[in-house]
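*Asks:* For reference, the structure I am asking about is given below.
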Amino acid sequence: MIGILLLLLPFLLYIAAPQIRKMLSSGVCTSTIQLPGKVAVVTGANTGIGKETAKELAQRGARVYIACRDVHKGELVAREIQNMTGNQQVLVRKLDLADTKSIRTFAKGFLAEEKHLHILINNAGVMMCPYSKTADGFEMHIGVNHLGHFLLTHLLLEKLKESAPSRVVNVSSLAHHLGRINFHNLQGEKFYFAGLAYCHSKLANILFTQELARRLKGSGVTTYSVHPGTVHSELVRHSFFMRCMWQLFSFFIKTPQQGAQTSLYCAITEGLETRSGNHFSDCDVAWVSAQGRNETIARRLWDVSCDLLGIPMD
């Protein structure tokens, strides 16, 4: 009898997968707000969570910029979203977060093109890359996941202020609990482990969000970090082990549409302004690690980031 049950287990799990996913993804953005006249930028929106986020914003009438490295893939996604939503204001612009020249070019073009920016969703990211560097010599995880979005936000900040009320959403991860900001090894020069490098960069996202919220207090711009959950996406493409784990436990993993819910919640839900700087998971405030609540580390990381990127410190 036990042997038969073991043989049937994969089949039973497959049948139960939709119910399991529903149970594990309790957070759903229930806001009915519409966004005509609003402008949004979503990085990495040519796939996964970013694509679903951009689709939902377009469905609500926003003018949506898909900011991604693969413009061809982005154009295919834009046409798909346009056809599904009937919203033709879905635009694609090249943005390579591993190259500060590309980031500055994107920002310059956007600022020349648009009078407003109401929603900036820093969604793109890399995970568990073999040791490599960005075009500017930054370790890839900290360079793309943190410094790239730090610079992009800085360049678009005045436009966000002019368009207030506006919001910045930074996609982080539960993995931040394993992260540490080691200023003596920020670029992995002395010690590097791909899994931990990802965790460190996700902690940086949370610290950046908190410090940004502190600096923007009273400006009308609010900011939030989110944990989307464990989601089927291309993020694990660099790790054979993680791809196997994702396949093995696929019935526990969220769909990209489910994973986009908390980003959407923080981007559009009314009355969330008093929660600026908070971390969210499943559309609710989530617990942050002790280091993630350390204001001293947050301020120092801000200053170090400015120094690395050549941004004047204020």
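Chain labels follow the order of the structure tokens: the first chain is A, the next B, and so on; residue numbering restarts at 1 in every chain, and ligands are counted from 1 in their shown order.
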Can you pull out the residues contacting Gln261 of chain A? Cut-off 8 Å, using only C-alpha atoms, and skip same-chain residues under 2 positions away; I want them as a ChimeraX atom specification.
*Replies:* /A:27-29,53,228,257-259,263-265,282-283
*Asks:* Pick out the residues sitting within 12 Å of Leu309 of chain A, and hand them over as a list in words; count only C-alpha atoms, and ignore anything fewer than 5 positions along from it in its own chain.
*Replies:*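 Near Leu309 of chain A, the qualifying residues are Asp99, Thr100, Lys101, Ile103, Arg104, Asp136, Gly137, Phe138, Gly143, His146, Leu147, Gly148, His149, Phe150, Leu151, Leu152, His154, Leu155, Trp302, Asp303 and Val304 of chain A.
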*Asks:* Compare A:Ser276, A:Ser166, A:Thr262, A:Ser289 by their minimum atom-to-atom distance to Ser31 of chain A, counting only C-alpha atoms, and give me the closest one.
*Replies:*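 So, comparing all the options, the nearest one is A:Thr262.
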*Asks:* Write out as a list in words all residues of segment 11-196 of chain A that DSSP puts in strand (DSSP E or B) for this structure's backbone.
*Replies:*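 For segment 11-196 of chain A, the strand (DSSP E or B) set is Val39, Ala40, Val41, Val42, Thr43, Arg63, Val64, Tyr65, Ile66, Ala67, Cys68, Val90, Leu91, Val92, Arg93, Lys94, Ile119, Leu120, Ile121, Asn122, Lys133, Glu139, Ser166, Arg167, Val168, Val169, Asn170 and Val171 of chain A.
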*Asks:* Keeping only C-alpha atoms, take the residues you just selected and write them out as a PDB file, in the first residue's frame.
*Replies:*
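New file part20.pdb:
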```
ATOM      1  CA  VAL A  39       3.314  56.999 -16.489  1.00  0.00           C
ATOM      2  CA  ALA A  40       5.190  53.931 -15.239  1.00  0.00           C
ATOM      3  CA  VAL A  41       8.639  52.457 -15.824  1.00  0.00           C
ATOM      4  CA  VAL A  42       9.218  48.766 -15.102  1.00  0.00           C
ATOM      5  CA  THR A  43      12.750  47.405 -15.429  1.00  0.00           C
ATOM      6  CA  ARG A  63       1.485  54.548 -20.162  1.00  0.00           C
ATOM      7  CA  VAL A  64       4.072  51.847 -19.496  1.00  0.00           C
ATOM      8  CA  TYR A  65       7.751  51.767 -20.376  1.00  0.00           C
ATOM      9  CA  ILE A  66       9.323  48.327 -20.628  1.00  0.00           C
ATOM     10  CA  ALA A  67      12.966  49.041 -19.771  1.00  0.00           C
ATOM     11  CA  CYS A  68      15.084  46.019 -20.673  1.00  0.00           C
ATOM     12  CA  VAL A  90       3.256  50.249 -24.026  1.00  0.00           C
ATOM     13  CA  LEU A  91       6.737  51.338 -25.055  1.00  0.00           C
ATOM     14  CA  VAL A  92      10.107  49.596 -25.082  1.00  0.00           C
ATOM     15  CA  ARG A  93      13.412  51.278 -24.354  1.00  0.00           C
ATOM     16  CA  LYS A  94      16.850  49.741 -23.997  1.00  0.00           C
ATOM     17  CA  ILE A 119       5.555  54.778 -10.837  1.00  0.00           C
ATOM     18  CA  LEU A 120       9.102  53.395 -10.992  1.00  0.00           C
ATOM     19  CA  ILE A 121       9.370  49.655 -10.403  1.00  0.00           C
ATOM     20  CA  ASN A 122      12.969  48.484 -10.037  1.00  0.00           C
ATOM     21  CA  LYS A 133      31.859  42.282 -13.464  1.00  0.00           C
ATOM     22  CA  GLU A 139      30.589  42.717  -9.100  1.00  0.00           C
ATOM     23  CA  SER A 166       4.557  59.053  -7.034  1.00  0.00           C
ATOM     24  CA  ARG A 167       6.112  55.781  -5.947  1.00  0.00           C
ATOM     25  CA  VAL A 168       9.292  53.726  -6.201  1.00  0.00           C
ATOM     26  CA  VAL A 169       9.047  49.961  -5.726  1.00  0.00           C
ATOM     27  CA  ASN A 170      12.252  47.942  -5.258  1.00  0.00           C
ATOM     28  CA  VAL A 171      11.981  44.176  -5.755  1.00  0.00           C
TER      29      VAL A 171
END
```
*Asks:* Report as a VMD selection string all protein, DNA and RNA residues lying within 9 Å of Lys73 of chain A, evaluated on only C-alpha atoms, omitting residues in the same chain fewer than 4 positions from it.
*Replies:* chain A and resid 46 to 47 68 to 69 77 to 78
*Asks:* For Gly61 of chain A, list every protein, DNA or RNA residue within 12 Å, evaluated using only C-alpha atoms, and leave out those in the same chain fewer than 3 positions away; present the list as a VMD selection string.
*Replies:* chain A and resid 32 to 40 54 to 58 64 81 to 82 85 to 90
*Asks:* Between A:Met84, A:Ser102, A:Ala260, A:Phe193, single out the one closest to His227 of chain A, counting only C-alpha atoms.
*Replies:*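 Nearest candidate to His227 of chain A out of A:Met84, A:Ser102, A:Ala260, A:Phe193: A:Ala260.
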